[in-house]
$ cat my_file-v5.cif   # mmCIF, C-alpha atoms
data_input
loop_
_atom_site.label_atom_id
_atom_site.label_comp_id
_atom_site.auth_asym_id
_atom_site.auth_seq_id
_atom_site.Cartn_x
_atom_site.Cartn_y
_atom_site.Cartn_z
CA MET W 81 39.96 77.91 -4.89
CA ILE W 82 36.81 76.23 -6.16
CA VAL W 83 35.59 72.87 -4.88
CA MET W 84 32.44 70.96 -5.77
CA ILE W 85 30.33 70.02 -2.73
CA ASN W 86 27.47 67.68 -3.65
CA GLY W 87 27.58 68.94 -7.21
CA ALA W 88 27.55 72.68 -6.40
CA ALA W 89 30.61 74.89 -6.89
CA HIS W 90 31.88 76.60 -3.71
CA GLU W 91 34.60 79.26 -3.42
CA VAL W 92 36.63 78.29 -0.34
CA ALA W 93 39.88 79.42 1.28
CA ASP W 94 43.08 77.50 0.60
CA GLY W 95 43.58 74.84 3.24
CA THR W 96 39.86 74.24 3.76
CA THR W 97 39.39 70.81 5.31
CA VAL W 98 36.84 68.08 4.66
CA ALA W 99 35.33 68.81 8.09
CA GLN W 100 34.76 72.45 7.09
CA ALA W 101 33.18 71.37 3.81
CA VAL W 102 30.78 69.08 5.67
CA ARG W 103 29.84 71.91 8.06
CA THR W 104 28.62 74.01 5.11
CA LEU W 105 25.79 71.43 4.85
CA THR W 106 25.19 70.10 8.34
CA ALA W 107 26.32 70.30 11.94
CA THR W 108 25.77 66.60 12.51
CA THR W 109 28.51 64.06 11.87
CA THR W 110 26.70 60.82 12.71
CA GLY W 111 25.12 58.93 9.84
CA VAL W 112 27.18 60.94 7.35
CA ALA W 113 29.98 59.79 5.05
CA VAL W 114 32.29 61.67 2.73
CA ALA W 115 34.09 60.82 -0.49
CA VAL W 116 36.60 63.13 -2.14
CA ASN W 117 37.20 62.35 -5.81
CA ASP W 118 35.49 58.96 -5.36
CA GLU W 119 37.63 57.90 -2.37
CA VAL W 120 36.11 57.55 1.10
CA VAL W 121 37.57 59.91 3.73
CA THR W 122 37.02 58.34 7.15
CA ARG W 123 35.54 60.56 9.83
CA SER W 124 38.73 60.51 11.89
CA ALA W 125 40.55 62.12 8.95
CA TRP W 126 38.05 64.91 8.21
CA GLU W 127 39.82 67.56 10.32
CA THR W 128 43.25 66.79 8.89
CA THR W 129 42.38 66.30 5.23
CA ALA W 130 42.79 69.53 3.25
CA LEU W 131 40.94 69.98 -0.01
CA ARG W 132 42.59 71.01 -3.25
CA ASP W 133 41.30 73.11 -6.11
CA SER W 134 38.66 71.31 -8.22
CA ASP W 135 38.15 68.53 -5.66
CA ARG W 136 34.76 66.80 -5.85
CA VAL W 137 33.34 66.35 -2.36
CA GLU W 138 30.33 64.08 -1.90
CA VAL W 139 28.53 64.17 1.46
CA LEU W 140 26.04 61.32 1.80
CA THR W 141 23.53 60.11 4.33
CA ALA W 142 20.86 57.41 4.56
CA VAL W 143 17.40 58.17 3.15
CA GLN W 144 14.23 56.18 2.55
CA GLY W 145 14.80 53.66 -0.19
CA GLY W 146 14.80 50.07 -1.32
CA MET I 239 8.50 30.02 13.51
CA ASP I 240 12.19 29.09 13.25
CA ASP I 241 14.82 31.84 13.10
CA LEU I 242 16.27 33.27 9.91
CA ILE I 243 20.06 33.23 10.05
CA ILE I 244 22.11 35.46 7.74
CA ALA I 245 25.90 35.49 8.15
CA GLY I 246 25.53 34.04 11.64
CA GLU I 247 23.02 36.69 12.78
CA LYS I 248 19.57 35.57 13.92
CA PHE I 249 16.27 37.20 13.02
CA SER I 250 12.92 36.00 14.35
CA SER I 251 11.07 37.82 11.53
CA ARG I 252 11.41 36.58 7.96
CA LEU I 253 9.98 39.80 6.54
CA ILE I 254 12.62 42.31 5.49
CA MET I 255 11.23 45.74 4.75
CA GLY I 256 12.31 48.51 2.45
CA THR I 257 11.59 52.13 3.30
CA GLY I 258 11.01 53.60 -0.17
CA GLY I 259 7.70 55.09 -1.20
CA ALA I 260 6.19 55.95 2.19
CA PRO I 261 4.37 59.30 2.17
CA SER I 262 5.88 60.29 5.52
CA LEU I 263 8.17 59.02 8.26
CA GLU I 264 5.14 58.68 10.55
CA VAL I 265 3.36 56.37 8.11
CA LEU I 266 6.60 54.43 7.62
CA ASP I 267 7.06 54.09 11.36
CA GLN I 268 3.57 52.64 11.82
CA ALA I 269 4.05 50.24 8.90
CA LEU I 270 7.41 49.01 10.19
CA ALA I 271 5.93 48.40 13.62
CA ALA I 272 3.01 46.44 12.15
CA SER I 273 5.32 44.38 9.93
CA GLY I 274 7.39 43.09 12.84
CA THR I 275 10.52 43.45 10.70
CA GLU I 276 13.98 43.34 12.28
CA LEU I 277 15.98 44.24 9.16
CA THR I 278 15.19 47.17 6.87
CA THR I 279 16.87 48.75 3.87
CA VAL I 280 17.84 52.37 3.35
CA ALA I 281 19.42 54.14 0.36
CA MET I 282 22.45 56.44 0.38
CA ARG I 283 21.97 59.88 -1.14
CA ARG I 284 23.52 63.35 -1.06
CA LEU I 285 22.78 65.04 2.24
CA ASP I 286 19.91 67.49 1.94
CA PRO I 287 20.40 70.32 4.48
CA GLY I 288 16.65 71.05 4.35
CA ALA I 289 15.54 67.50 5.19
CA ARG I 290 13.54 67.17 8.40
CA GLY I 291 13.74 63.94 10.40
CA SER I 292 15.70 60.90 9.37
CA VAL I 293 14.77 57.36 8.49
CA LEU I 294 17.69 56.33 10.69
CA ASP I 295 15.96 57.80 13.76
CA VAL I 296 12.86 55.73 12.98
CA LEU I 297 14.90 52.52 12.69
CA ARG I 298 16.95 53.25 15.80
CA LYS I 299 13.82 53.90 17.87
CA ARG I 300 12.30 50.59 16.72
CA ASP I 301 15.61 48.72 17.23
CA ILE I 302 15.58 47.58 13.58
CA LYS I 303 18.91 46.64 12.00
CA VAL I 304 19.75 48.88 9.05
CA LEU I 305 20.65 47.32 5.70
CA PRO I 306 22.06 49.95 3.33
CA ASN I 307 21.55 49.33 -0.36
CA THR I 308 23.35 50.57 -3.44
CA ALA I 309 20.17 51.65 -5.23
CA GLY I 310 20.83 54.09 -8.03
CA CYS I 311 24.16 52.53 -9.04
CA PHE I 312 24.69 51.44 -12.65
CA THR I 313 28.29 50.19 -12.42
CA ALA I 314 30.30 47.96 -10.10
CA GLY I 315 32.57 50.89 -9.27
CA ASP I 316 29.65 53.08 -8.17
CA ALA I 317 28.23 50.26 -6.07
CA VAL I 318 31.53 49.54 -4.31
CA LEU I 319 31.99 53.24 -3.46
CA THR I 320 28.39 53.51 -2.22
CA ALA I 321 28.83 50.42 -0.03
CA ARG I 322 32.01 51.86 1.47
CA LEU I 323 30.27 55.18 2.17
CA ALA I 324 27.37 53.32 3.79
CA ARG I 325 29.79 51.37 5.98
CA GLU I 326 31.41 54.64 7.04
CA ALA I 327 28.11 56.47 7.65
CA LEU I 328 26.16 53.67 9.32
CA GLY I 329 28.83 51.53 10.92
CA THR I 330 27.68 48.30 9.26
CA ASN I 331 29.51 46.06 6.82
CA TRP I 332 26.22 44.63 5.53
CA VAL I 333 25.09 45.75 2.10
CA LYS I 334 22.22 44.94 -0.21
CA LEU I 335 24.05 45.06 -3.51
CA GLU I 336 21.90 46.50 -6.26
CA VAL I 337 23.33 47.41 -9.66
CA ILE I 338 20.66 48.40 -12.13
CA ALA I 339 20.90 47.87 -15.89
CA ASP I 340 18.55 50.62 -17.05
CA GLU I 341 15.95 53.08 -15.77
CA ARG I 342 13.01 51.61 -17.68
CA THR I 343 13.05 48.07 -16.28
CA LEU I 344 15.25 48.62 -13.20
CA LEU I 345 16.38 45.04 -13.77
CA PRO I 346 19.68 44.09 -12.12
CA ASP I 347 22.80 43.97 -14.29
CA PRO I 348 24.30 40.50 -13.70
CA ILE I 349 27.83 41.31 -14.94
CA GLU I 350 28.27 44.48 -12.87
CA THR I 351 26.60 42.84 -9.86
CA PHE I 352 28.98 39.88 -9.91
CA ASP I 353 32.02 42.12 -10.33
CA ALA I 354 30.93 44.31 -7.40
CA ALA I 355 30.10 41.26 -5.25
CA GLU I 356 33.60 39.83 -5.64
CA ARG I 357 35.19 43.17 -4.74
CA LEU I 358 32.95 43.75 -1.73
CA VAL I 359 33.42 40.22 -0.35
CA ALA I 360 37.20 40.73 -0.67
CA ASP I 361 36.78 44.02 1.25
CA GLY I 362 35.07 42.26 4.18
CA PHE I 363 31.44 43.08 3.42
CA VAL I 364 28.44 40.86 4.14
CA VAL I 365 26.97 40.99 0.63
CA LEU I 366 23.31 40.36 -0.20
CA PRO I 367 22.99 40.75 -3.97
CA TYR I 368 19.73 41.61 -5.77
CA ILE I 369 19.57 39.51 -8.94
CA GLY I 370 17.22 38.23 -11.63
CA ASP I 371 15.60 34.82 -11.11
CA ASP I 372 18.69 33.13 -12.54
CA PRO I 373 19.76 29.88 -10.82
CA ALA I 374 23.22 29.88 -12.45
CA LEU I 375 24.03 33.42 -11.30
CA ALA I 376 22.69 32.68 -7.81
CA ARG I 377 25.06 29.72 -7.54
CA ARG I 378 28.03 31.74 -8.79
CA LEU I 379 27.34 34.53 -6.28
CA GLU I 380 27.12 32.02 -3.44
CA GLN I 381 30.45 30.53 -4.53
CA ALA I 382 31.89 34.07 -4.61
CA GLY I 383 31.11 34.37 -0.89
CA CYS I 384 27.78 36.23 -0.77
CA ALA I 385 25.86 35.81 2.50
CA ALA I 386 22.49 35.41 0.75
CA VAL I 387 20.98 35.75 -2.71
CA MET I 388 18.00 37.96 -3.47
CA PRO I 389 16.24 36.97 -6.70
CA LEU I 390 13.38 39.16 -7.90
CA GLY I 391 9.82 37.95 -8.20
CA ALA I 392 9.06 40.65 -10.77
CA PRO I 393 10.44 44.13 -11.58
CA ILE I 394 10.80 46.62 -8.71
CA GLY I 395 7.53 48.29 -7.79
CA SER I 396 5.54 46.30 -10.38
CA GLY I 397 3.45 44.31 -7.89
CA LEU I 398 3.33 41.46 -10.43
CA GLY I 399 4.16 38.79 -7.86
CA VAL I 400 6.39 35.77 -8.48
CA ARG I 401 6.54 35.54 -12.29
CA ASN I 402 8.75 32.46 -12.49
CA PRO I 403 8.08 30.19 -9.53
CA HIS I 404 9.99 27.34 -11.19
CA ASN I 405 13.24 29.32 -11.30
CA ILE I 406 12.79 30.42 -7.69
CA GLU I 407 12.42 26.74 -6.73
CA LEU I 408 15.58 25.87 -8.67
CA ILE I 409 17.49 28.62 -6.84
CA VAL I 410 16.18 27.41 -3.47
CA GLU I 411 17.06 23.76 -4.21
CA ALA I 412 20.69 24.57 -4.98
CA ALA I 413 21.37 27.28 -2.40
CA SER I 414 23.06 26.76 0.94
CA VAL I 415 22.81 30.47 1.81
CA PRO I 416 19.43 32.13 2.51
CA VAL I 417 17.29 32.93 -0.53
CA ILE I 418 15.37 36.19 -0.09
CA LEU I 419 12.61 36.93 -2.58
CA ASP I 420 13.11 40.59 -3.43
CA ALA I 421 10.96 42.88 -5.56
CA GLY I 422 7.65 42.37 -7.31
CA ILE I 423 5.47 41.47 -4.34
CA GLY I 424 2.03 43.06 -4.76
CA THR I 425 -0.10 41.56 -2.03
CA ALA I 426 -0.04 39.05 0.81
CA SER I 427 -0.62 35.95 -1.34
CA ASP I 428 2.54 36.77 -3.33
CA ALA I 429 4.60 36.79 -0.13
CA ALA I 430 3.01 33.54 1.05
CA LEU I 431 3.76 31.91 -2.32
CA ALA I 432 7.41 32.96 -2.16
CA MET I 433 7.73 31.33 1.25
CA GLU I 434 5.85 28.19 0.10
CA LEU I 435 8.37 27.90 -2.75
CA GLY I 436 11.06 27.64 -0.09
CA CYS I 437 12.43 31.16 0.13
CA ASP I 438 13.95 31.92 3.52
CA ALA I 439 12.62 35.47 3.64
CA VAL I 440 10.82 38.14 1.63
CA LEU I 441 11.93 41.73 1.08
CA LEU I 442 9.28 44.23 0.07
CA ALA I 443 8.57 47.95 0.28
CA THR I 444 6.17 49.37 -2.29
CA ALA I 445 3.44 46.79 -1.66
CA VAL I 446 3.20 48.19 1.88
CA THR I 447 4.27 51.82 1.59
CA ARG I 448 1.97 52.57 -1.37
CA ALA I 449 -0.98 50.49 -0.15
CA GLN I 450 -4.03 52.53 0.80
CA ARG I 451 -3.51 51.42 4.42
CA PRO I 452 0.22 50.74 4.81
CA ASP I 453 -0.05 49.58 8.44
CA LEU I 454 -2.79 47.09 7.55
CA MET I 455 -0.87 45.72 4.56
CA ALA I 456 2.26 45.42 6.72
CA ALA I 457 0.30 43.27 9.17
CA ALA I 458 -1.03 41.19 6.26
CA MET I 459 2.51 40.64 4.94
CA LYS I 460 3.71 39.62 8.39
CA SER I 461 0.98 36.96 8.60
CA ALA I 462 1.53 35.84 5.00
CA VAL I 463 5.24 35.24 5.53
CA VAL I 464 4.54 33.20 8.66
CA ALA I 465 1.77 31.23 6.90
CA GLY I 466 3.95 30.53 3.87
CA ARG I 467 6.85 29.38 6.02
CA LEU I 468 4.64 27.04 8.06
CA ALA I 469 3.05 25.63 4.90
CA ARG I 470 6.49 24.98 3.42
CA GLN I 471 7.60 23.15 6.55
CA ALA I 472 4.33 21.24 6.79
CA GLY I 473 4.77 19.85 3.27
CA ARG I 474 1.85 20.36 0.94
CA ILE I 475 -0.19 17.51 -0.60
CA PRO I 476 0.57 16.58 -4.19
CA ARG I 477 -1.63 18.15 -6.87
CA ARG I 478 -4.02 15.61 -8.44
CA ARG I 479 -5.93 15.68 -11.67
CA TYR I 480 -9.08 14.15 -10.15
CA ALA I 481 -10.82 14.09 -6.81
CA GLU I 482 -9.73 11.85 -4.00
CA ALA I 483 -12.40 11.24 -1.37
CA SER I 484 -11.35 12.20 2.11
CA SER I 485 -14.14 10.05 3.59
CA PRO I 486 -13.82 6.40 2.57
CA MET I 487 -17.03 4.87 1.09
CA THR I 488 -16.35 1.47 2.63
CA PRO I 489 -15.13 0.66 6.12
#
$ encode --input "my_file-v5.cif" --output "structure tokens"
Amino acid sequence: MIVMINGAAHEVADGTTVAQAVRTLTATTTGVAVAVNDEVVTRSAWETTALRDSDRVEVLTAVQGG
Amino acid sequence: MDDLIIAGEKFSSRLIMGTGGAPSLEVLDQALAASGTELTTVAMRRLDPGARGSVLDVLRKRDIKVLPNTAGCFTAGDAVLTARLAREALGTNWVKLEVIADERTLLPDPIETFDAAERLVADGFVVLPYIGDDPALARRLEQAGCAAVMPLGAPIGSGLGVRNPHNIELIVEAASVPVILDAGIGTASDAALAMELGCDAVLLATAVTRAQRPDLMAAAMKSAVVAGRLARQAGRIPRRRYAEASSPMTP
């Protein structure tokens, strides 16, 4: 299936979790937050939340600003 | 100087810093240290796997409280989601609410800002909204449960100073939450003026981070905020049209 991770299309296996999607970008988990289809997925649910085809995954962190 | 208290939390510095515009994390670190700030904003963006170093490490090392903002949001819905992501990523329920109307002016959108503020207050956030210098909107946001109001002095990054001191005074007179002058500060006298007008704190970034010597300007801003606060508390003399001799001519 295809999922969007930070705006880029990724071919991933069925059953891929949010945690696995995050690991395609970074090994760190602190200071990082995830939304799937505009809903926050709390860190404690990353390992147990499976993605579906066409899901939009946004992985955010703090940067210089404001 | 007396403490600044926002939502029950005490700060001995009344200078809140932003982190945007610094040429490097090293320069930012030096500027933050010189500013004496205890509260500093960060933005939330897509994670860049190639990024080296993190602004969060700089803040953690300096023991500066992080204030995530919703910069880059154009709708209430975007801002609420960004605030929730910031809460998840950073473990704070504080948010500088910023909903921009358009790219050219970067002025805050009052309708979207108010909508987002109501939703975030209901969701348990400590909300500090960035707004125009509008006394009516400031009052409505305070009534909606915001922990502070942050009127602009002038557009973001413009360095034009406090363009409407009268409106800032009106906001200060009516507010029972802290008023933080946000955006438009160009140099130290602008920050001092904001404090003399009765603002409880000043938030600035560009004036320091894009100065030729950021650390020096940060020190200047620190002094200016203290001087302005003291002058406000001291109570300035009335302005007069003509001279008044300070040495009497007759005994």
$ residues_around --input "my_file-v5.cif" --residues "I:Leu419" --least-positions-apart "5" --cutoff "9 Å" --atoms "only C-alpha atoms" --output "ChimeraX atom specification"
/I:387-391,400,406,429,432-433,437-442
$ interface_residues --input "my_file-v5.cif" --of "chain I" --to "chain W" --cutoff "9 Å" --atoms "all atoms listed in the file" --output "PyMOL selection string"
chain I and resi 255-260+263+278-287+292-294+306-309+316+319+322-329+442-444
$ closest_residue --input "my_file-v5.cif" --among "I:Ser251, I:Lys460, I:Arg378, I:Leu345" --to "I:Met239" --atoms "all atoms listed in the file"
I:Ser251
$ residues_around --input "my_file-v5.cif" --residues "I:Glu380" --least-positions-apart "6" --cutoff "12 Å" --atoms "all atoms listed in the file" --output "ChimeraX atom specification"
/I:352,355-356,359,364-367,369,373-374,386-388,409-410,412-417
$ resolve_selection --input "my_file-v5.cif" --expression "the PyMOL selection byres ((chain W and resi 132) around 12)" --output "ChimeraX atom specification"
/W:81-84,91-98,101,116-117,129-131,133-137
$ write_last_selection --input "my_file-v5.cif" --atoms "C-alpha atoms" --output "PDB file, keeping the file's coordinate frame"
ATOM      1  CA  MET W  81      39.960  77.910  -4.890  1.00  0.00           C
ATOM      2  CA  ILE W  82      36.810  76.230  -6.160  1.00  0.00           C
ATOM      3  CA  VAL W  83      35.590  72.870  -4.880  1.00  0.00           C
ATOM      4  CA  MET W  84      32.440  70.960  -5.770  1.00  0.00           C
ATOM      5  CA  GLU W  91      34.600  79.260  -3.420  1.00  0.00           C
ATOM      6  CA  VAL W  92      36.630  78.290  -0.340  1.00  0.00           C
ATOM      7  CA  ALA W  93      39.880  79.420   1.280  1.00  0.00           C
ATOM      8  CA  ASP W  94      43.080  77.500   0.600  1.00  0.00           C
ATOM      9  CA  GLY W  95      43.580  74.840   3.240  1.00  0.00           C
ATOM     10  CA  THR W  96      39.860  74.240   3.760  1.00  0.00           C
ATOM     11  CA  THR W  97      39.390  70.810   5.310  1.00  0.00           C
ATOM     12  CA  VAL W  98      36.840  68.080   4.660  1.00  0.00           C
ATOM     13  CA  ALA W 101      33.180  71.370   3.810  1.00  0.00           C
ATOM     14  CA  VAL W 116      36.600  63.130  -2.140  1.00  0.00           C
ATOM     15  CA  ASN W 117      37.200  62.350  -5.810  1.00  0.00           C
ATOM     16  CA  THR W 129      42.380  66.300   5.230  1.00  0.00           C
ATOM     17  CA  ALA W 130      42.790  69.530   3.250  1.00  0.00           C
ATOM     18  CA  LEU W 131      40.940  69.980  -0.010  1.00  0.00           C
ATOM     19  CA  ASP W 133      41.300  73.110  -6.110  1.00  0.00           C
ATOM     20  CA  SER W 134      38.660  71.310  -8.220  1.00  0.00           C
ATOM     21  CA  ASP W 135      38.150  68.530  -5.660  1.00  0.00           C
ATOM     22  CA  ARG W 136      34.760  66.800  -5.850  1.00  0.00           C
ATOM     23  CA  VAL W 137      33.340  66.350  -2.360  1.00  0.00           C
TER      24      VAL W 137
END
$ atom_distance --input "my_file-v5.cif" --atom1 "atom CA of I:Gly397" --atom2 "atom CA of I:Ala445"
6.7 Å
$ resolve_selection --input "my_file-v5.cif" --expression "the PyMOL selection byres ((chain I and resi 338) around 12)" --output "CSV table (one decimal) with C-alpha atoms, keeping the file's coordinate frame"
chain,number,residue,atom,x,y,z
I,307,ASN,CA,21.6,49.3,-0.4
I,308,THR,CA,23.4,50.6,-3.4
I,309,ALA,CA,20.2,51.6,-5.2
I,310,GLY,CA,20.8,54.1,-8.0
I,311,CYS,CA,24.2,52.5,-9.0
I,312,PHE,CA,24.7,51.4,-12.6
I,313,THR,CA,28.3,50.2,-12.4
I,314,ALA,CA,30.3,48.0,-10.1
I,316,ASP,CA,29.6,53.1,-8.2
I,317,ALA,CA,28.2,50.3,-6.1
I,335,LEU,CA,24.0,45.1,-3.5
I,336,GLU,CA,21.9,46.5,-6.3
I,337,VAL,CA,23.3,47.4,-9.7
I,339,ALA,CA,20.9,47.9,-15.9
I,340,ASP,CA,18.6,50.6,-17.0
I,341,GLU,CA,16.0,53.1,-15.8
I,342,ARG,CA,13.0,51.6,-17.7
I,343,THR,CA,13.0,48.1,-16.3
I,344,LEU,CA,15.2,48.6,-13.2
I,345,LEU,CA,16.4,45.0,-13.8
I,346,PRO,CA,19.7,44.1,-12.1
I,347,ASP,CA,22.8,44.0,-14.3
I,348,PRO,CA,24.3,40.5,-13.7
I,349,ILE,CA,27.8,41.3,-14.9
I,350,GLU,CA,28.3,44.5,-12.9
I,351,THR,CA,26.6,42.8,-9.9
I,367,PRO,CA,23.0,40.8,-4.0
I,368,TYR,CA,19.7,41.6,-5.8
I,369,ILE,CA,19.6,39.5,-8.9
I,370,GLY,CA,17.2,38.2,-11.6
I,393,PRO,CA,10.4,44.1,-11.6
I,394,ILE,CA,10.8,46.6,-8.7
$ atom_distance --input "my_file-v5.cif" --atom1 "atom CA of I:Ala382" --atom2 "atom CA of I:Ile243"
18.9 Å
$ residues_around --input "my_file-v5.cif" --residues "I:Asp241" --least-positions-apart "6" --cutoff "10 Å" --atoms "only C-alpha atoms" --output "number ranges by chain"
I: 247-252, 438
$ atom_distance --input "my_file-v5.cif" --atom1 "atom CA of I:Gly399" --atom2 "atom CA of I:Gly424"
5.7 Å
$ resolve_selection --input "my_file-v5.cif" --expression "the PyMOL selection byres ((chain I and resi 268) around 12)" --output "PyMOL selection string"
chain I and resi 257+260-267+269-275+296-297+299-300+446-447+451-457
$ build_atoms --input "my_file-v5.cif" --residues "stretch 285-301 of chain I" --atoms "N, CA, C and O atoms" --output "PDB file, keeping the file's coordinate frame"
ATOM      1  N   LEU I 285      23.434  64.445   1.071  1.00  0.00           N
ATOM      2  CA  LEU I 285      22.780  65.040   2.240  1.00  0.00           C
ATOM      3  C   LEU I 285      22.014  66.288   1.831  1.00  0.00           C
ATOM      4  O   LEU I 285      22.551  67.170   1.155  1.00  0.00           O
ATOM      5  N   ASP I 286      20.755  66.344   2.227  1.00  0.00           N
ATOM      6  CA  ASP I 286      19.910  67.490   1.940  1.00  0.00           C
ATOM      7  C   ASP I 286      19.781  68.318   3.216  1.00  0.00           C
ATOM      8  O   ASP I 286      19.153  67.894   4.173  1.00  0.00           O
ATOM      9  N   PRO I 287      20.402  69.526   3.239  1.00  0.00           N
ATOM     10  CA  PRO I 287      20.400  70.320   4.480  1.00  0.00           C
ATOM     11  C   PRO I 287      18.984  70.680   4.933  1.00  0.00           C
ATOM     12  O   PRO I 287      18.750  70.944   6.106  1.00  0.00           O
ATOM     13  N   GLY I 288      18.015  70.673   4.008  1.00  0.00           N
ATOM     14  CA  GLY I 288      16.650  71.050   4.350  1.00  0.00           C
ATOM     15  C   GLY I 288      15.807  69.892   4.854  1.00  0.00           C
ATOM     16  O   GLY I 288      14.654  70.101   5.272  1.00  0.00           O
ATOM     17  N   ALA I 289      16.343  68.672   4.810  1.00  0.00           N
ATOM     18  CA  ALA I 289      15.540  67.500   5.190  1.00  0.00           C
ATOM     19  C   ALA I 289      15.209  67.539   6.676  1.00  0.00           C
ATOM     20  O   ALA I 289      16.050  67.882   7.504  1.00  0.00           O
ATOM     21  N   ARG I 290      13.949  67.216   6.988  1.00  0.00           N
ATOM     22  CA  ARG I 290      13.540  67.170   8.400  1.00  0.00           C
ATOM     23  C   ARG I 290      13.306  65.725   8.817  1.00  0.00           C
ATOM     24  O   ARG I 290      12.605  64.992   8.133  1.00  0.00           O
ATOM     25  N   GLY I 291      13.888  65.307   9.927  1.00  0.00           N
ATOM     26  CA  GLY I 291      13.740  63.940  10.400  1.00  0.00           C
ATOM     27  C   GLY I 291      14.577  62.998   9.555  1.00  0.00           C
ATOM     28  O   GLY I 291      14.960  63.328   8.435  1.00  0.00           O
ATOM     29  N   SER I 292      14.870  61.849  10.100  1.00  0.00           N
ATOM     30  CA  SER I 292      15.700  60.900   9.370  1.00  0.00           C
ATOM     31  C   SER I 292      15.132  59.498   9.532  1.00  0.00           C
ATOM     32  O   SER I 292      14.648  59.115  10.600  1.00  0.00           O
ATOM     33  N   VAL I 293      15.200  58.748   8.434  1.00  0.00           N
ATOM     34  CA  VAL I 293      14.770  57.360   8.490  1.00  0.00           C
ATOM     35  C   VAL I 293      15.594  56.582   9.507  1.00  0.00           C
ATOM     36  O   VAL I 293      15.107  55.631  10.123  1.00  0.00           O
ATOM     37  N   LEU I 294      16.837  57.023   9.720  1.00  0.00           N
ATOM     38  CA  LEU I 294      17.690  56.330  10.690  1.00  0.00           C
ATOM     39  C   LEU I 294      17.142  56.442  12.110  1.00  0.00           C
ATOM     40  O   LEU I 294      17.231  55.507  12.900  1.00  0.00           O
ATOM     41  N   ASP I 295      16.550  57.625  12.429  1.00  0.00           N
ATOM     42  CA  ASP I 295      15.960  57.800  13.760  1.00  0.00           C
ATOM     43  C   ASP I 295      14.808  56.832  13.969  1.00  0.00           C
ATOM     44  O   ASP I 295      14.637  56.271  15.053  1.00  0.00           O
ATOM     45  N   VAL I 296      14.006  56.649  12.900  1.00  0.00           N
ATOM     46  CA  VAL I 296      12.860  55.730  12.980  1.00  0.00           C
ATOM     47  C   VAL I 296      13.359  54.314  13.261  1.00  0.00           C
ATOM     48  O   VAL I 296      12.831  53.617  14.140  1.00  0.00           O
ATOM     49  N   LEU I 297      14.382  53.888  12.525  1.00  0.00           N
ATOM     50  CA  LEU I 297      14.900  52.520  12.690  1.00  0.00           C
ATOM     51  C   LEU I 297      15.536  52.333  14.063  1.00  0.00           C
ATOM     52  O   LEU I 297      15.357  51.302  14.710  1.00  0.00           O
ATOM     53  N   ARG I 298      16.260  53.342  14.506  1.00  0.00           N
ATOM     54  CA  ARG I 298      16.950  53.250  15.800  1.00  0.00           C
ATOM     55  C   ARG I 298      15.916  53.115  16.924  1.00  0.00           C
ATOM     56  O   ARG I 298      16.055  52.293  17.813  1.00  0.00           O
ATOM     57  N   LYS I 299      14.858  53.927  16.831  1.00  0.00           N
ATOM     58  CA  LYS I 299      13.820  53.900  17.870  1.00  0.00           C
ATOM     59  C   LYS I 299      13.134  52.537  17.935  1.00  0.00           C
ATOM     60  O   LYS I 299      12.767  52.063  19.012  1.00  0.00           O
ATOM     61  N   ARG I 300      12.970  51.904  16.793  1.00  0.00           N
ATOM     62  CA  ARG I 300      12.300  50.590  16.720  1.00  0.00           C
ATOM     63  C   ARG I 300      13.287  49.440  16.901  1.00  0.00           C
ATOM     64  O   ARG I 300      12.898  48.275  16.803  1.00  0.00           O
ATOM     65  N   ASP I 301      14.576  49.750  17.072  1.00  0.00           N
ATOM     66  CA  ASP I 301      15.610  48.720  17.230  1.00  0.00           C
ATOM     67  C   ASP I 301      15.638  47.775  16.022  1.00  0.00           C
ATOM     68  O   ASP I 301      15.714  46.549  16.162  1.00  0.00           O
TER      69      ASP I 301
END
